[in-house]
Amino acid sequence: MNPLDRSIALGPLGVSLGQLLLALAMVVALIVGAWIGRRRQVSVGDVLFNALLIGVIGARIVFVARYWQSYDTFWSWLDIRDRGFEPLAGLAIAFAYLAWRFWRQPAMRRPLGAAVLSGALAWSMTAGALTLMAPRGASLPSIPLADLDGSSVALLTVLQEADRPMVVNLWASWCPPCRREMPILEQAQQARDDVSFVFVNQGESVDAIETFLQRESLSLDHLYRDPDMTFGREVGAMAMPTTLYYDADGQLVDTHFGELSRATLDRSLERFTRPSR
């Protein structure tokens with residue numbers, strides 16, 4: 001797993017390391033910009049916040065434009081809980097805005113340039129260090145899980161028997177985003193016979209799971225329990241939902257922390273070959 005995709009639980013909330021590092025970079029940029037700007041009687045805080053906002057909005061618009069067929073309604077375009085963004089597009093848009101402000105306001109160039117550079121350095125140094133320290137070639141853990149009938153199951157065995165890519169969703173019935181995304185995953189499991197969809201419940205009893213399935217009228221294959229949440233800790237998913245994508249060799253190729261939409265699921269599944277029609 002990319003270390004920036006690892007999640008951290010902050011009370012009832014969950015954030016990824018990537019989000020925390022982005023916030024850190026923004027704080028560093030604001031501090032440096034305020035310090036240099038004060039000496040020149042120039043404020044760059046509003047410009048930095050505007051660049052961040054414009055970049056985020058641009059990244060969302062580009063993503064929705066690319067996957068618009070996967071959204072059912074206009075309002076779903078605005079629901080950013082699925083974390084559907086195109087980061088490179090957002091970065092390009094933010095820098096285009098900053099370049100425009102550089103051109104229009106010469107007095108702002110030095111503090112704004114120093115702020116942007118310091119934020120970029122803060123991001124690259126922390127993200128780079130985490131990436132270098134992370135183990136290479138993350139693979140599907142061999143930690144045993146429990147079937148609903150109590151028997152032990154190893155996902156490596158399921159993967160080898162199916163001989164196809166695997167999507168592993170870590171969830172719990174008390175988790176609202178997990179409940180919202182479950183019908184989308186159920187539909188994908190029924191539609192995609194070239195990908196195995198596995199649902200790993202975190203820490204709940206068989207009765208709680210079965211009650212949830214009946215209440216939501218869900219029919220899921222490959223539903224297993226991780227009673228001590230050992231599997232979740234091993235893959236670095238400390239908050240839910242988290243969805244992991246493994247190729248047919250059991251190598252982790254993508255992760256999604258947080259709620260899925262059909263669009264974000266479709267994006268991640270693009271790396272797997274679709275069945276011939």
# chains A, B, ... in the order shown; residues from 1 in each chain; ligands from 1
$ closest_atom_pairs --of "region 50-107 of chain A" --to "region 116-129 of chain A" --cutoff "12 Å" --atoms "only C-alpha atoms" --output "CSV"
residue,atom,partner,partner_atom,distance
A:Ala51,CA,A:Val116,CA,10.3
A:Leu52,CA,A:Val116,CA,11.1
A:Leu91,CA,A:Ala120,CA,11.4
A:Ala94,CA,A:Val116,CA,10.9
A:Phe95,CA,A:Val116,CA,9.5
A:Leu98,CA,A:Val116,CA,9.0
A:Ala99,CA,A:Val116,CA,11.1
A:Phe102,CA,A:Val116,CA,11.5
$ select_by_dssp --residues "region 103-201 of chain A" --states "strand (DSSP E)" --output "NGL selection string"
:A and (145-147 or 152-153 or 166-171 or 196-201)
$ write_last_selection --atoms "N, CA and C atoms" --output "PDB file, in the first residue's frame"
ATOM      1  N   LEU A 145      -9.064 -15.486   7.979  1.00  0.00           N
ATOM      2  CA  LEU A 145     -10.340 -14.865   8.299  1.00  0.00           C
ATOM      3  C   LEU A 145     -11.338 -15.961   8.635  1.00  0.00           C
ATOM      4  N   ALA A 146     -12.520 -15.573   9.083  1.00  0.00           N
ATOM      5  CA  ALA A 146     -13.540 -16.542   9.463  1.00  0.00           C
ATOM      6  C   ALA A 146     -14.744 -16.425   8.556  1.00  0.00           C
ATOM      7  N   ASP A 147     -15.196 -17.550   8.040  1.00  0.00           N
ATOM      8  CA  ASP A 147     -16.454 -17.584   7.296  1.00  0.00           C
ATOM      9  C   ASP A 147     -17.599 -17.429   8.295  1.00  0.00           C
ATOM     10  N   SER A 152     -12.262 -21.397   8.912  1.00  0.00           N
ATOM     11  CA  SER A 152     -11.171 -20.478   8.620  1.00  0.00           C
ATOM     12  C   SER A 152     -10.965 -20.349   7.112  1.00  0.00           C
ATOM     13  N   VAL A 153     -10.682 -19.129   6.674  1.00  0.00           N
ATOM     14  CA  VAL A 153     -10.502 -18.838   5.255  1.00  0.00           C
ATOM     15  C   VAL A 153      -9.270 -17.963   5.081  1.00  0.00           C
ATOM     16  N   MET A 166      -8.624  -9.242  -7.392  1.00  0.00           N
ATOM     17  CA  MET A 166      -9.500  -9.258  -6.219  1.00  0.00           C
ATOM     18  C   MET A 166      -9.667  -7.851  -5.651  1.00  0.00           C
ATOM     19  N   VAL A 167     -10.912  -7.522  -5.316  1.00  0.00           N
ATOM     20  CA  VAL A 167     -11.234  -6.281  -4.625  1.00  0.00           C
ATOM     21  C   VAL A 167     -11.663  -6.647  -3.208  1.00  0.00           C
ATOM     22  N   VAL A 168     -10.964  -6.098  -2.217  1.00  0.00           N
ATOM     23  CA  VAL A 168     -11.240  -6.403  -0.818  1.00  0.00           C
ATOM     24  C   VAL A 168     -11.793  -5.158  -0.146  1.00  0.00           C
ATOM     25  N   ASN A 169     -13.018  -5.259   0.337  1.00  0.00           N
ATOM     26  CA  ASN A 169     -13.678  -4.133   0.996  1.00  0.00           C
ATOM     27  C   ASN A 169     -13.751  -4.394   2.494  1.00  0.00           C
ATOM     28  N   LEU A 170     -13.160  -3.495   3.285  1.00  0.00           N
ATOM     29  CA  LEU A 170     -13.210  -3.584   4.745  1.00  0.00           C
ATOM     30  C   LEU A 170     -14.346  -2.698   5.240  1.00  0.00           C
ATOM     31  N   TRP A 171     -15.265  -3.273   6.010  1.00  0.00           N
ATOM     32  CA  TRP A 171     -16.492  -2.567   6.352  1.00  0.00           C
ATOM     33  C   TRP A 171     -17.009  -3.005   7.718  1.00  0.00           C
ATOM     34  N   SER A 196     -12.862 -10.852  -8.458  1.00  0.00           N
ATOM     35  CA  SER A 196     -13.447 -11.364  -7.217  1.00  0.00           C
ATOM     36  C   SER A 196     -13.654 -10.210  -6.247  1.00  0.00           C
ATOM     37  N   PHE A 197     -14.865 -10.094  -5.735  1.00  0.00           N
ATOM     38  CA  PHE A 197     -15.165  -9.074  -4.725  1.00  0.00           C
ATOM     39  C   PHE A 197     -15.299  -9.768  -3.370  1.00  0.00           C
ATOM     40  N   VAL A 198     -14.507  -9.310  -2.412  1.00  0.00           N
ATOM     41  CA  VAL A 198     -14.471  -9.917  -1.085  1.00  0.00           C
ATOM     42  C   VAL A 198     -14.826  -8.848  -0.060  1.00  0.00           C
ATOM     43  N   PHE A 199     -15.668  -9.227   0.896  1.00  0.00           N
ATOM     44  CA  PHE A 199     -16.121  -8.299   1.927  1.00  0.00           C
ATOM     45  C   PHE A 199     -15.626  -8.794   3.287  1.00  0.00           C
ATOM     46  N   VAL A 200     -14.789  -7.999   3.927  1.00  0.00           N
ATOM     47  CA  VAL A 200     -14.175  -8.390   5.197  1.00  0.00           C
ATOM     48  C   VAL A 200     -14.732  -7.505   6.301  1.00  0.00           C
ATOM     49  N   ASN A 201     -15.631  -8.066   7.092  1.00  0.00           N
ATOM     50  CA  ASN A 201     -16.229  -7.305   8.191  1.00  0.00           C
ATOM     51  C   ASN A 201     -15.230  -7.158   9.326  1.00  0.00           C
TER      52      ASN A 201
END
$ closest_residue --among "A:Val158, A:Gln202, A:Leu260, A:Trp174" --to "Met238 (chain A)" --atoms "only C-alpha atoms"
A:Gln202
$ atom_distance --atom1 "CA of Leu155 (chain A)" --atom2 "CA of Ile143 (chain A)"
8.0 Å
$ residues_around --residues "Arg271 (chain A)" --least-positions-apart "5" --cutoff "10 Å" --atoms "only C-alpha atoms" --output "MDAnalysis selection string"
chainID A and resid 165 245 247 253:254 266
$ residues_around --residues "Glu204 (chain A)" --least-positions-apart "3" --cutoff "10 Å" --atoms "only C-alpha atoms" --output "VMD selection string"
chain A and resid 171 to 174 201 207 to 209 225 to 229
$ write_last_selection --atoms "N, CA and C atoms" --output "PDB file, in the first residue's frame"
ATOM      1  N   TRP A 171     -15.265  -3.273   6.010  1.00  0.00           N
ATOM      2  CA  TRP A 171     -16.492  -2.567   6.352  1.00  0.00           C
ATOM      3  C   TRP A 171     -17.009  -3.005   7.718  1.00  0.00           C
ATOM      4  N   ALA A 172     -18.034  -2.266   8.191  1.00  0.00           N
ATOM      5  CA  ALA A 172     -18.775  -2.627   9.400  1.00  0.00           C
ATOM      6  C   ALA A 172     -20.180  -2.066   9.269  1.00  0.00           C
ATOM      7  N   SER A 173     -21.138  -2.724   9.875  1.00  0.00           N
ATOM      8  CA  SER A 173     -22.536  -2.317   9.714  1.00  0.00           C
ATOM      9  C   SER A 173     -22.840  -0.998  10.418  1.00  0.00           C
ATOM     10  N   TRP A 174     -22.026  -0.611  11.421  1.00  0.00           N
ATOM     11  CA  TRP A 174     -22.267   0.644  12.134  1.00  0.00           C
ATOM     12  C   TRP A 174     -21.689   1.845  11.394  1.00  0.00           C
ATOM     13  N   ASN A 201     -15.631  -8.066   7.092  1.00  0.00           N
ATOM     14  CA  ASN A 201     -16.229  -7.305   8.191  1.00  0.00           C
ATOM     15  C   ASN A 201     -15.230  -7.158   9.326  1.00  0.00           C
ATOM     16  N   ASP A 207     -24.257 -12.581  14.151  1.00  0.00           N
ATOM     17  CA  ASP A 207     -25.638 -12.093  14.257  1.00  0.00           C
ATOM     18  C   ASP A 207     -25.764 -10.662  13.740  1.00  0.00           C
ATOM     19  N   ALA A 208     -24.823  -9.809  14.084  1.00  0.00           N
ATOM     20  CA  ALA A 208     -24.867  -8.421  13.625  1.00  0.00           C
ATOM     21  C   ALA A 208     -24.754  -8.349  12.108  1.00  0.00           C
ATOM     22  N   ILE A 209     -23.908  -9.176  11.536  1.00  0.00           N
ATOM     23  CA  ILE A 209     -23.728  -9.181  10.080  1.00  0.00           C
ATOM     24  C   ILE A 209     -24.987  -9.674   9.384  1.00  0.00           C
ATOM     25  N   ARG A 225     -15.291 -12.624   8.143  1.00  0.00           N
ATOM     26  CA  ARG A 225     -15.124 -11.836   9.360  1.00  0.00           C
ATOM     27  C   ARG A 225     -13.649 -11.710   9.720  1.00  0.00           C
ATOM     28  N   ASP A 226     -13.302 -10.529  10.196  1.00  0.00           N
ATOM     29  CA  ASP A 226     -11.980 -10.266  10.761  1.00  0.00           C
ATOM     30  C   ASP A 226     -12.227  -9.879  12.217  1.00  0.00           C
ATOM     31  N   PRO A 227     -12.496 -10.869  13.078  1.00  0.00           N
ATOM     32  CA  PRO A 227     -13.031 -10.582  14.421  1.00  0.00           C
ATOM     33  C   PRO A 227     -12.132  -9.705  15.274  1.00  0.00           C
ATOM     34  N   ASP A 228     -10.826  -9.847  15.158  1.00  0.00           N
ATOM     35  CA  ASP A 228      -9.906  -9.039  15.952  1.00  0.00           C
ATOM     36  C   ASP A 228      -9.332  -7.869  15.159  1.00  0.00           C
ATOM     37  N   MET A 229      -9.831  -7.671  13.942  1.00  0.00           N
ATOM     38  CA  MET A 229      -9.375  -6.602  13.041  1.00  0.00           C
ATOM     39  C   MET A 229      -7.871  -6.664  12.764  1.00  0.00           C
TER      40      MET A 229
END
$ closest_residue --among "A:Gly236, A:Gly37, A:Pro241, A:Gly250" --to "Pro111 (chain A)" --atoms "only C-alpha atoms"
A:Gly37
$ residues_around --residues "Ile61 (chain A)" --least-positions-apart "6" --cutoff "12 Å" --atoms "only C-alpha atoms" --output "list in words"
Ile54, Gly55, Tyr67, Trp68, Trp77, Leu78, Asp79, Ile80, Gly84, Phe85, Glu86, Pro87, Ala89, Gly90 and Ile93 of chain A
$ residues_around --residues "Val42 (chain A)" --least-positions-apart "6" --cutoff "9 Å" --atoms "only C-alpha atoms" --output "NGL selection string"
:A and (33-34 or 36 or 107-108 or 111)
$ decode --residues "region 140-181 of chain A" --atoms "N, CA and C atoms" --output "mmCIF file, in the first residue's frame"
data_model
loop_
_atom_site.group_PDB
_atom_site.id
_atom_site.type_symbol
_atom_site.label_atom_id
_atom_site.label_comp_id
_atom_site.auth_asym_id
_atom_site.auth_seq_id
_atom_site.Cartn_x
_atom_site.Cartn_y
_atom_site.Cartn_z
ATOM 1 N N LEU A 140 -1.086 -9.461 -0.754
ATOM 2 C CA LEU A 140 -2.270 -9.865 0.002
ATOM 3 C C LEU A 140 -1.841 -10.601 1.267
ATOM 4 N N PRO A 141 -2.230 -10.133 2.458
ATOM 5 C CA PRO A 141 -1.813 -10.789 3.705
ATOM 6 C C PRO A 141 -2.361 -12.210 3.801
ATOM 7 N N SER A 142 -1.617 -13.038 4.490
ATOM 8 C CA SER A 142 -2.020 -14.443 4.671
ATOM 9 C C SER A 142 -2.793 -14.650 5.969
ATOM 10 N N ILE A 143 -3.201 -13.569 6.605
ATOM 11 C CA ILE A 143 -3.925 -13.653 7.882
ATOM 12 C C ILE A 143 -5.248 -14.385 7.677
ATOM 13 N N PRO A 144 -5.528 -15.419 8.482
ATOM 14 C CA PRO A 144 -6.782 -16.164 8.316
ATOM 15 C C PRO A 144 -7.991 -15.330 8.739
ATOM 16 N N LEU A 145 -9.064 -15.486 7.979
ATOM 17 C CA LEU A 145 -10.340 -14.865 8.299
ATOM 18 C C LEU A 145 -11.338 -15.961 8.635
ATOM 19 N N ALA A 146 -12.520 -15.573 9.083
ATOM 20 C CA ALA A 146 -13.540 -16.542 9.463
ATOM 21 C C ALA A 146 -14.744 -16.425 8.556
ATOM 22 N N ASP A 147 -15.196 -17.550 8.040
ATOM 23 C CA ASP A 147 -16.454 -17.584 7.296
ATOM 24 C C ASP A 147 -17.599 -17.429 8.295
ATOM 25 N N LEU A 148 -18.789 -17.129 7.799
ATOM 26 C CA LEU A 148 -19.919 -16.947 8.712
ATOM 27 C C LEU A 148 -20.297 -18.245 9.419
ATOM 28 N N ASP A 149 -19.896 -19.367 8.851
ATOM 29 C CA ASP A 149 -20.182 -20.646 9.525
ATOM 30 C C ASP A 149 -19.097 -21.028 10.519
ATOM 31 N N GLY A 150 -18.075 -20.173 10.671
ATOM 32 C CA GLY A 150 -17.030 -20.412 11.658
ATOM 33 C C GLY A 150 -15.756 -21.010 11.116
ATOM 34 N N SER A 151 -15.752 -21.448 9.861
ATOM 35 C CA SER A 151 -14.549 -22.047 9.294
ATOM 36 C C SER A 151 -13.521 -20.983 8.938
ATOM 37 N N SER A 152 -12.262 -21.397 8.912
ATOM 38 C CA SER A 152 -11.171 -20.478 8.620
ATOM 39 C C SER A 152 -10.965 -20.349 7.112
ATOM 40 N N VAL A 153 -10.682 -19.129 6.674
ATOM 41 C CA VAL A 153 -10.502 -18.838 5.255
ATOM 42 C C VAL A 153 -9.270 -17.963 5.081
ATOM 43 N N ALA A 154 -8.455 -18.281 4.085
ATOM 44 C CA ALA A 154 -7.306 -17.449 3.736
ATOM 45 C C ALA A 154 -7.573 -16.819 2.368
ATOM 46 N N LEU A 155 -7.479 -15.507 2.282
ATOM 47 C CA LEU A 155 -7.762 -14.836 1.016
ATOM 48 C C LEU A 155 -6.778 -15.232 -0.073
ATOM 49 N N LEU A 156 -5.559 -15.608 0.316
ATOM 50 C CA LEU A 156 -4.608 -16.080 -0.686
ATOM 51 C C LEU A 156 -5.128 -17.333 -1.387
ATOM 52 N N THR A 157 -5.777 -18.204 -0.634
ATOM 53 C CA THR A 157 -6.361 -19.411 -1.223
ATOM 54 C C THR A 157 -7.507 -19.052 -2.156
ATOM 55 N N VAL A 158 -8.354 -18.113 -1.721
ATOM 56 C CA VAL A 158 -9.460 -17.659 -2.572
ATOM 57 C C VAL A 158 -8.921 -17.049 -3.857
ATOM 58 N N LEU A 159 -7.865 -16.265 -3.745
ATOM 59 C CA LEU A 159 -7.269 -15.627 -4.921
ATOM 60 C C LEU A 159 -6.707 -16.662 -5.877
ATOM 61 N N GLN A 160 -5.971 -17.635 -5.355
ATOM 62 C CA GLN A 160 -5.354 -18.645 -6.202
ATOM 63 C C GLN A 160 -6.394 -19.524 -6.882
ATOM 64 N N GLU A 161 -7.469 -19.835 -6.181
ATOM 65 C CA GLU A 161 -8.514 -20.672 -6.773
ATOM 66 C C GLU A 161 -9.257 -19.933 -7.879
ATOM 67 N N ALA A 162 -9.486 -18.643 -7.683
ATOM 68 C CA ALA A 162 -10.214 -17.867 -8.685
ATOM 69 C C ALA A 162 -9.318 -17.463 -9.850
ATOM 70 N N ASP A 163 -8.022 -17.253 -9.578
ATOM 71 C CA ASP A 163 -7.046 -16.847 -10.596
ATOM 72 C C ASP A 163 -7.510 -15.594 -11.345
ATOM 73 N N ARG A 164 -7.882 -14.586 -10.586
ATOM 74 C CA ARG A 164 -8.306 -13.318 -11.171
ATOM 75 C C ARG A 164 -8.099 -12.211 -10.133
ATOM 76 N N PRO A 165 -8.112 -10.959 -10.552
ATOM 77 C CA PRO A 165 -7.922 -9.866 -9.592
ATOM 78 C C PRO A 165 -8.969 -9.895 -8.483
ATOM 79 N N MET A 166 -8.624 -9.242 -7.392
ATOM 80 C CA MET A 166 -9.500 -9.258 -6.219
ATOM 81 C C MET A 166 -9.667 -7.851 -5.651
ATOM 82 N N VAL A 167 -10.912 -7.522 -5.316
ATOM 83 C CA VAL A 167 -11.234 -6.281 -4.625
ATOM 84 C C VAL A 167 -11.663 -6.647 -3.208
ATOM 85 N N VAL A 168 -10.964 -6.098 -2.217
ATOM 86 C CA VAL A 168 -11.240 -6.403 -0.818
ATOM 87 C C VAL A 168 -11.793 -5.158 -0.146
ATOM 88 N N ASN A 169 -13.018 -5.259 0.337
ATOM 89 C CA ASN A 169 -13.678 -4.133 0.996
ATOM 90 C C ASN A 169 -13.751 -4.394 2.494
ATOM 91 N N LEU A 170 -13.160 -3.495 3.285
ATOM 92 C CA LEU A 170 -13.210 -3.584 4.745
ATOM 93 C C LEU A 170 -14.346 -2.698 5.240
ATOM 94 N N TRP A 171 -15.265 -3.273 6.010
ATOM 95 C CA TRP A 171 -16.492 -2.567 6.352
ATOM 96 C C TRP A 171 -17.009 -3.005 7.718
ATOM 97 N N ALA A 172 -18.034 -2.266 8.191
ATOM 98 C CA ALA A 172 -18.775 -2.627 9.400
ATOM 99 C C ALA A 172 -20.180 -2.066 9.269
ATOM 100 N N SER A 173 -21.138 -2.724 9.875
ATOM 101 C CA SER A 173 -22.536 -2.317 9.714
ATOM 102 C C SER A 173 -22.840 -0.998 10.418
ATOM 103 N N TRP A 174 -22.026 -0.611 11.421
ATOM 104 C CA TRP A 174 -22.267 0.644 12.134
ATOM 105 C C TRP A 174 -21.689 1.845 11.394
ATOM 106 N N CYS A 175 -21.010 1.609 10.289
ATOM 107 C CA CYS A 175 -20.318 2.654 9.531
ATOM 108 C C CYS A 175 -21.232 3.167 8.416
ATOM 109 N N PRO A 176 -21.758 4.406 8.511
ATOM 110 C CA PRO A 176 -22.681 4.923 7.488
ATOM 111 C C PRO A 176 -22.126 4.896 6.059
ATOM 112 N N PRO A 177 -20.872 5.317 5.819
ATOM 113 C CA PRO A 177 -20.361 5.235 4.435
ATOM 114 C C PRO A 177 -20.305 3.799 3.922
ATOM 115 N N CYS A 178 -20.016 2.854 4.821
ATOM 116 C CA CYS A 178 -19.990 1.439 4.415
ATOM 117 C C CYS A 178 -21.374 1.003 3.935
ATOM 118 N N ARG A 179 -22.392 1.419 4.670
ATOM 119 C CA ARG A 179 -23.752 1.036 4.300
ATOM 120 C C ARG A 179 -24.158 1.660 2.969
ATOM 121 N N ARG A 180 -23.761 2.923 2.744
ATOM 122 C CA ARG A 180 -24.153 3.605 1.507
ATOM 123 C C ARG A 180 -23.495 2.987 0.278
ATOM 124 N N GLU A 181 -22.246 2.549 0.417
ATOM 125 C CA GLU A 181 -21.538 2.036 -0.754
ATOM 126 C C GLU A 181 -21.810 0.562 -1.030
#
